[in-house]
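Coordinates as given in my_file-v4.csv (CSV, C-alpha atoms):
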chain,number,residue,atom,x,y,z
A,27,MET,CA,17.9,3.6,-0.8
A,28,THR,CA,19.7,4.2,2.5
A,29,SER,CA,18.2,6.4,5.2
A,30,THR,CA,19.2,7.5,8.7
A,31,TRP,CA,17.4,6.3,11.8
A,32,ASP,CA,15.9,9.8,12.2
A,33,ASP,CA,14.6,9.6,8.6
A,34,SER,CA,13.1,6.2,9.2
A,35,ARG,CA,11.3,7.4,12.4
A,36,ARG,CA,10.1,10.4,10.6
A,37,ALA,CA,8.8,8.3,7.7
A,38,PHE,CA,7.0,6.1,10.2
A,39,THR,CA,5.5,9.1,12.0
A,40,ASP,CA,4.4,10.7,8.7
A,41,ALA,CA,2.8,7.5,7.6
A,42,ALA,CA,1.0,7.1,10.9
A,43,GLU,CA,-0.3,10.7,10.7
A,44,TRP,CA,-1.6,10.1,7.2
A,45,PHE,CA,-3.4,7.0,8.4
A,46,VAL,CA,-4.9,9.0,11.3
A,47,GLY,CA,-6.0,11.8,9.0
A,48,THR,CA,-7.5,9.4,6.5
A,49,ALA,CA,-9.4,7.4,9.1
A,50,ALA,CA,-10.9,10.6,10.3
A,51,LEU,CA,-12.6,11.0,6.9
A,52,VAL,CA,-14.5,7.7,7.3
A,53,VAL,CA,-17.2,9.3,9.5
A,54,ASP,CA,-20.2,7.0,9.0
A,55,ARG,CA,-18.8,4.7,6.3
A,56,TRP,CA,-17.3,1.9,8.4
A,57,ASP,CA,-19.5,-0.7,6.7
A,58,ARG,CA,-18.5,0.4,3.2
A,59,PRO,CA,-16.3,-2.1,1.2
A,60,GLY,CA,-12.7,-1.7,2.1
A,61,LEU,CA,-10.3,-4.2,0.6
A,62,GLY,CA,-11.1,-7.8,-0.5
A,63,GLU,CA,-13.4,-9.3,2.0
A,64,TRP,CA,-12.8,-6.5,4.5
A,65,ASP,CA,-15.1,-3.6,5.1
A,66,VAL,CA,-13.6,-0.2,6.0
A,67,ARG,CA,-13.6,-1.0,9.7
A,68,ALA,CA,-11.7,-4.2,9.2
A,69,LEU,CA,-9.2,-2.5,6.8
A,70,VAL,CA,-8.6,0.2,9.4
A,71,GLY,CA,-8.3,-2.5,12.1
A,72,HIS,CA,-5.7,-4.4,10.0
A,73,THR,CA,-3.8,-1.2,9.3
A,74,SER,CA,-3.8,-0.3,13.0
A,75,ARG,CA,-1.9,-3.5,13.7
A,76,SER,CA,1.1,-1.9,11.8
A,77,LEU,CA,1.3,0.3,14.8
A,78,LEU,CA,0.3,-2.1,17.6
A,79,THR,CA,2.8,-4.8,16.6
A,80,VAL,CA,5.7,-2.3,17.1
A,81,GLU,CA,4.5,-1.8,20.7
A,82,THR,CA,3.9,-5.6,21.2
A,83,TYR,CA,7.2,-6.7,19.8
A,84,LEU,CA,9.3,-4.0,21.6
A,85,ALA,CA,7.9,-5.5,24.8
A,86,ARG,CA,9.5,-8.8,23.9
A,87,PRO,CA,13.3,-8.1,23.5
A,88,ALA,CA,15.2,-10.6,21.4
A,89,GLU,CA,18.7,-11.9,22.2
A,90,THR,CA,19.8,-12.6,18.6
A,91,VAL,CA,19.1,-11.4,15.1
A,92,GLU,CA,17.3,-14.1,13.2
A,93,VAL,CA,15.8,-11.9,10.4
A,94,PRO,CA,18.6,-9.7,9.2
A,95,SER,CA,16.8,-7.2,6.9
A,96,THR,CA,13.5,-5.7,5.9
A,97,THR,CA,13.5,-7.7,2.7
A,98,ASP,CA,14.2,-11.0,4.6
A,99,TYR,CA,11.2,-10.2,6.8
A,100,TYR,CA,8.9,-10.1,3.9
A,101,ARG,CA,10.4,-13.2,2.3
A,102,THR,CA,10.1,-15.0,5.6
A,103,THR,CA,6.5,-14.0,6.3
A,104,ARG,CA,5.2,-14.7,2.8
A,105,ALA,CA,3.3,-17.8,3.8
A,106,ILE,CA,1.9,-16.3,6.9
A,107,ALA,CA,0.7,-13.2,5.0
A,108,ALA,CA,-1.2,-15.5,2.6
A,109,GLY,CA,-2.8,-17.5,5.3
A,110,PRO,CA,-6.5,-17.5,6.2
A,111,ASP,CA,-6.0,-16.0,9.7
A,112,VAL,CA,-5.0,-12.6,8.3
A,113,ALA,CA,-8.6,-11.7,7.3
A,114,ALA,CA,-10.0,-12.7,10.7
A,115,ARG,CA,-7.3,-10.7,12.5
A,116,GLY,CA,-8.3,-7.7,10.5
A,117,ARG,CA,-11.9,-8.0,11.5
A,118,ASP,CA,-11.0,-8.6,15.1
A,119,ALA,CA,-8.7,-5.6,15.1
A,120,GLY,CA,-11.5,-3.5,13.6
A,121,ALA,CA,-14.0,-4.6,16.3
A,122,ALA,CA,-11.4,-3.8,19.0
A,123,LEU,CA,-11.3,-0.2,17.9
A,124,GLY,CA,-14.7,0.2,19.6
A,125,THR,CA,-17.4,2.8,19.1
A,126,ASP,CA,-15.1,5.6,17.9
A,127,PRO,CA,-12.6,3.9,15.6
A,128,ALA,CA,-11.1,7.1,14.3
A,129,ALA,CA,-10.3,8.3,17.9
A,130,ALA,CA,-8.9,4.9,18.8
A,131,VAL,CA,-6.6,5.0,15.8
A,132,ALA,CA,-5.4,8.5,16.7
A,133,GLU,CA,-4.7,7.4,20.3
A,134,ILE,CA,-2.8,4.3,19.2
A,135,ALA,CA,-0.7,6.3,16.7
A,136,ALA,CA,0.2,9.0,19.2
A,137,ARG,CA,1.3,6.4,21.8
A,138,VAL,CA,3.3,4.2,19.4
A,139,THR,CA,5.1,7.1,17.6
A,140,ARG,CA,6.1,8.5,21.0
A,141,LEU,CA,7.4,5.1,22.0
A,142,VAL,CA,9.5,4.8,18.8
A,143,GLY,CA,10.9,8.2,19.4
A,144,THR,CA,12.5,6.9,22.6
A,145,ARG,CA,14.2,3.8,21.0
A,146,ASP,CA,17.4,3.1,18.9
A,147,ALA,CA,17.7,1.4,15.6
A,148,GLY,CA,19.9,-1.3,17.0
A,149,GLU,CA,17.4,-2.4,19.6
A,150,LEU,CA,16.4,-6.1,19.2
A,151,LEU,CA,12.7,-7.1,19.3
A,152,THR,CA,10.9,-10.4,18.7
A,153,THR,CA,8.7,-10.5,15.7
A,154,ILE,CA,6.4,-13.2,14.5
A,155,VAL,CA,9.3,-14.8,12.6
A,156,GLY,CA,12.1,-14.1,15.2
A,157,GLY,CA,14.5,-11.5,16.4
A,158,MET,CA,15.1,-8.3,14.4
A,159,ARG,CA,16.7,-4.9,14.8
A,160,LEU,CA,14.1,-2.2,15.2
A,161,GLY,CA,15.9,-0.3,12.4
A,162,ASP,CA,15.1,-3.2,10.0
A,163,TYR,CA,11.6,-3.9,11.3
A,164,LEU,CA,10.2,-0.3,11.4
A,165,PRO,CA,10.3,0.1,7.5
A,166,THR,CA,8.0,-2.9,7.2
A,167,ARG,CA,5.5,-1.0,9.4
A,168,THR,CA,5.9,2.2,7.4
A,169,PHE,CA,5.3,0.2,4.2
A,170,GLU,CA,2.2,-1.4,5.6
A,171,LEU,CA,0.8,1.9,6.9
A,172,THR,CA,1.5,3.5,3.6
A,173,VAL,CA,0.0,0.8,1.4
A,174,HIS,CA,-3.1,0.2,3.5
A,175,THR,CA,-3.8,3.9,4.0
A,176,ALA,CA,-3.7,4.2,0.2
A,177,ASP,CA,-6.2,1.3,0.1
A,178,LEU,CA,-8.4,3.2,2.6
A,179,ALA,CA,-8.1,6.4,0.6
A,180,ARG,CA,-9.2,4.5,-2.5
A,181,ALA,CA,-12.1,2.9,-0.7
A,182,LEU,CA,-13.2,6.4,0.5
A,183,ALA,CA,-12.7,8.0,-2.9
A,184,VAL,CA,-10.3,10.6,-1.5
A,185,PRO,CA,-7.0,11.8,-3.1
A,186,LEU,CA,-3.9,9.5,-2.7
A,187,ASP,CA,-1.8,12.2,-1.1
A,188,VAL,CA,1.0,9.9,0.1
A,189,PRO,CA,3.5,11.8,2.2
A,190,ALA,CA,7.0,12.0,0.6
A,191,LEU,CA,9.1,10.2,3.2
A,192,PRO,CA,6.8,7.2,3.6
A,193,ALA,CA,6.3,7.0,-0.1
A,194,ALA,CA,10.1,7.0,-0.7
A,195,GLN,CA,10.7,4.3,1.9
A,196,ALA,CA,7.7,2.1,0.7
A,197,LEU,CA,8.9,2.3,-2.9
A,198,ALA,CA,12.4,1.4,-1.7
A,199,VAL,CA,11.0,-1.7,-0.1
A,200,VAL,CA,9.2,-2.6,-3.3
A,201,ALA,CA,12.4,-2.1,-5.3
A,202,ASP,CA,14.4,-4.3,-2.9
A,203,LEU,CA,11.8,-7.0,-3.0
A,204,ALA,CA,11.5,-6.9,-6.8
A,205,VAL,CA,15.3,-7.2,-7.2
A,206,ALA,CA,15.5,-10.0,-4.7
A,207,GLY,CA,12.6,-11.9,-6.4
A,208,GLY,CA,13.9,-11.4,-9.9
A,209,LEU,CA,11.0,-9.1,-10.8
A,210,ALA,CA,12.8,-5.9,-11.5
A,211,GLY,CA,12.3,-6.1,-15.3
A,212,PRO,CA,8.5,-6.1,-15.5
A,213,LEU,CA,8.3,-3.5,-12.7
A,214,LEU,CA,10.7,-1.2,-14.4
A,215,LEU,CA,8.9,-1.5,-17.7
A,216,ALA,CA,5.5,-0.8,-16.2
A,217,ALA,CA,6.8,2.1,-14.2
A,218,THR,CA,8.1,3.7,-17.3
A,219,GLY,CA,5.0,3.5,-19.4
A,220,ARG,CA,5.6,0.2,-21.2
A,221,PRO,CA,2.8,-2.5,-21.4
A,222,GLY,CA,1.2,-3.4,-18.1
A,223,LEU,CA,2.2,-5.9,-15.5
A,224,PRO,CA,1.1,-9.5,-15.7
A,225,GLU,CA,-2.2,-10.3,-13.9
A,226,GLY,CA,-1.7,-10.9,-10.2
A,227,PHE,CA,1.8,-9.4,-10.2
A,228,SER,CA,3.1,-8.6,-6.7
A,229,VAL,CA,6.6,-8.3,-5.2
A,230,LEU,CA,5.2,-9.7,-1.9

Could I get this file's structure written as structure tokens?
Amino acid sequence: MTSTWDDSRRAFTDAAEWFVGTAALVVDRWDRPGLGEWDVRALVGHTSRSLLTVETYLARPAETVEVPSTTDYYRTTRAIAAGPDVAARGRDAGAALGTDPAAAVAEIAARVTRLVGTRDAGELLTTIVGGMRLGDYLPTRTFELTVHTADLARALAVPLDVPALPAAQALAVVADLAVAGGLAGPLLLAATGRPGLPEGFSVL
């Protein structure tokens, strides 16, 4: 799937707004199980990093492109994402949201989406794995916001009302990763009602 820069920014903004709206539903359930070893606060904290890293990385301009695509970003960060530090960073990010996490999430989302609205797709930023174009990095953040807000909605037992543009972009990332990883066959079969996916299946 191809999309314009305006579409990509809108998808990011819609995903951020869905995250903010879902976090507002937590109320007093921050200690409830969230995802894996995370409680809801840690899951929300981890998800908030999908916004905060955009801000952090834009403050570190890159000189060259070292990671040329969204798919390459996920393939390059695979080992990092599986590392033990991810869980701790989620808990730390959750704690950093303070006494009113939902309000903190809303403030972060408003600030970062405004920032993205002032930038161009070709701008270079320095990610954890090297220089990237913002236009290639932002879909990774939309993907993370969308998937983890879905995790949060499931933890809170509220409907999975994924907004259309983030859903389309996240599914496009899944499709690209499946093709690149030779996993398109089982994913296509499962998505069209054939027998289920193998245990532990993931395109990430």

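From atom CA of Ala176 of chain A back to atom CA of Val229 of chain A, the distance works out to 17.1 Å.
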
If we count only C-alpha atoms, what is near Val188 of chain A at a cut-off of 9 Å, once residues fewer than 5 positions away on the same chain are taken out, given as a list in words?
Ala41, Trp44, Thr172, Thr175, Ala176 and Ala193 of chain A

I need the residue nearest Val138 of chain A from this list: A:Leu160, A:Val112, A:Leu77, A:Val91. Use only C-alpha atoms for the distance.
A:Leu77

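Pairwise distance (atom CA of Asp65 of chain A, atom CA of Asp126 of chain A) equals 15.8 Å.
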
Give the answer as one residue: which of A:Thr218, A:Thr39, A:Thr125, A:Thr97 has the shortest atom-to-atom distance to Ala190 of chain A, using all atoms listed in the file?
A:Thr39

Nearest to Arg137 of chain A: which of A:Asp111, A:Glu92, A:Glu81, A:Asp98 is it, counting only C-alpha atoms?
A:Glu81

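Minimum atom-to-atom distance to Pro189 of chain A, evaluated using all atoms listed in the file, belongs to A:Val173 out of A:Leu51, A:Trp64, A:Ile134, A:Val173.
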
Return the single residue from A:Val46, A:Ala107, A:Val93, A:Ala37 that is closest to Thr152 of chain A, with distances computed using all atoms listed in the file.
A:Val93

Write out as a count of residues only which residues come within 12 Å of Ser76 of chain A when counting only C-alpha atoms, dropping same-chain ones fewer than 6 positions away.
29

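The interatomic distance for the pair atom CA of Ser34 of chain A and atom CA of Thr96 of chain A works out to 12.4 Å.
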
Residue contacts of Ser95 of chain A (9 Å, all atoms listed in the file) excluding same-chain residues fewer than 5 positions away, as a list in words:
Tyr100, Met158, Arg159, Gly161, Asp162 and Tyr163 of chain A

Got time to write the residues from that selection, C-alpha atoms, as a short mmCIF file (atom, residue, chain, number, x, y, z; two decimals), in the coordinates of the input?
data_model
loop_
_atom_site.label_atom_id
_atom_site.label_comp_id
_atom_site.auth_asym_id
_atom_site.auth_seq_id
_atom_site.Cartn_x
_atom_site.Cartn_y
_atom_site.Cartn_z
CA TYR A 100 8.90 -10.10 3.90
CA MET A 158 15.10 -8.30 14.40
CA ARG A 159 16.70 -4.90 14.80
CA GLY A 161 15.90 -0.30 12.40
CA ASP A 162 15.10 -3.20 10.00
CA TYR A 163 11.60 -3.90 11.30
#

Hey, can you pull every residue with an atom no more than 9 Å from (-10.6, -6.8, 13.0), using all atoms listed in the file, and send it as a PyMOL selection string?
chain A and resi 64+67-72+113-123

Would you put the residues from that selection into a file with C-alpha atoms, as an mmCIF file, in the coordinates of the input?
data_model
loop_
_atom_site.group_PDB
_atom_site.id
_atom_site.type_symbol
_atom_site.label_atom_id
_atom_site.label_comp_id
_atom_site.auth_asym_id
_atom_site.auth_seq_id
_atom_site.Cartn_x
_atom_site.Cartn_y
_atom_site.Cartn_z
ATOM 1 C CA TRP A 64 -12.800 -6.500 4.500
ATOM 2 C CA ARG A 67 -13.600 -1.000 9.700
ATOM 3 C CA ALA A 68 -11.700 -4.200 9.200
ATOM 4 C CA LEU A 69 -9.200 -2.500 6.800
ATOM 5 C CA VAL A 70 -8.600 0.200 9.400
ATOM 6 C CA GLY A 71 -8.300 -2.500 12.100
ATOM 7 C CA HIS A 72 -5.700 -4.400 10.000
ATOM 8 C CA ALA A 113 -8.600 -11.700 7.300
ATOM 9 C CA ALA A 114 -10.000 -12.700 10.700
ATOM 10 C CA ARG A 115 -7.300 -10.700 12.500
ATOM 11 C CA GLY A 116 -8.300 -7.700 10.500
ATOM 12 C CA ARG A 117 -11.900 -8.000 11.500
ATOM 13 C CA ASP A 118 -11.000 -8.600 15.100
ATOM 14 C CA ALA A 119 -8.700 -5.600 15.100
ATOM 15 C CA GLY A 120 -11.500 -3.500 13.600
ATOM 16 C CA ALA A 121 -14.000 -4.600 16.300
ATOM 17 C CA ALA A 122 -11.400 -3.800 19.000
ATOM 18 C CA LEU A 123 -11.300 -0.200 17.900
#

With all atoms listed in the file as the counted atoms, please give the residues lying no more than 12 Å from Ala217 of chain A, apart from itself and same-chain residues fewer than 6 positions off, as number ranges by chain.
A: 197, 201, 210-211, 223

Write the residues of the preceding selection, restricted to C-alpha atoms, as a compact mmCIF listing (two decimals), in the coordinates of the input.
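Final file, again.txt:
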# COMPACT_ATOMS: atom_id res chain seq x y z
CA LEU A 197 8.90 2.30 -2.90
CA ALA A 201 12.40 -2.10 -5.30
CA ALA A 210 12.80 -5.90 -11.50
CA GLY A 211 12.30 -6.10 -15.30
CA LEU A 223 2.20 -5.90 -15.50

Please provide the set of residues having any atom within 8 Å of Trp56 of chain A, restricted to only C-alpha atoms, with same-chain residues fewer than 2 positions apart removed, written as JSON, numbers by chain.
{"A": [52, 53, 54, 58, 65, 66, 67]}

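Closest approach to Leu61 of chain A among A:Ala129, A:Ala206, A:Leu84, A:Ala179: A:Ala179, based on only C-alpha atoms.
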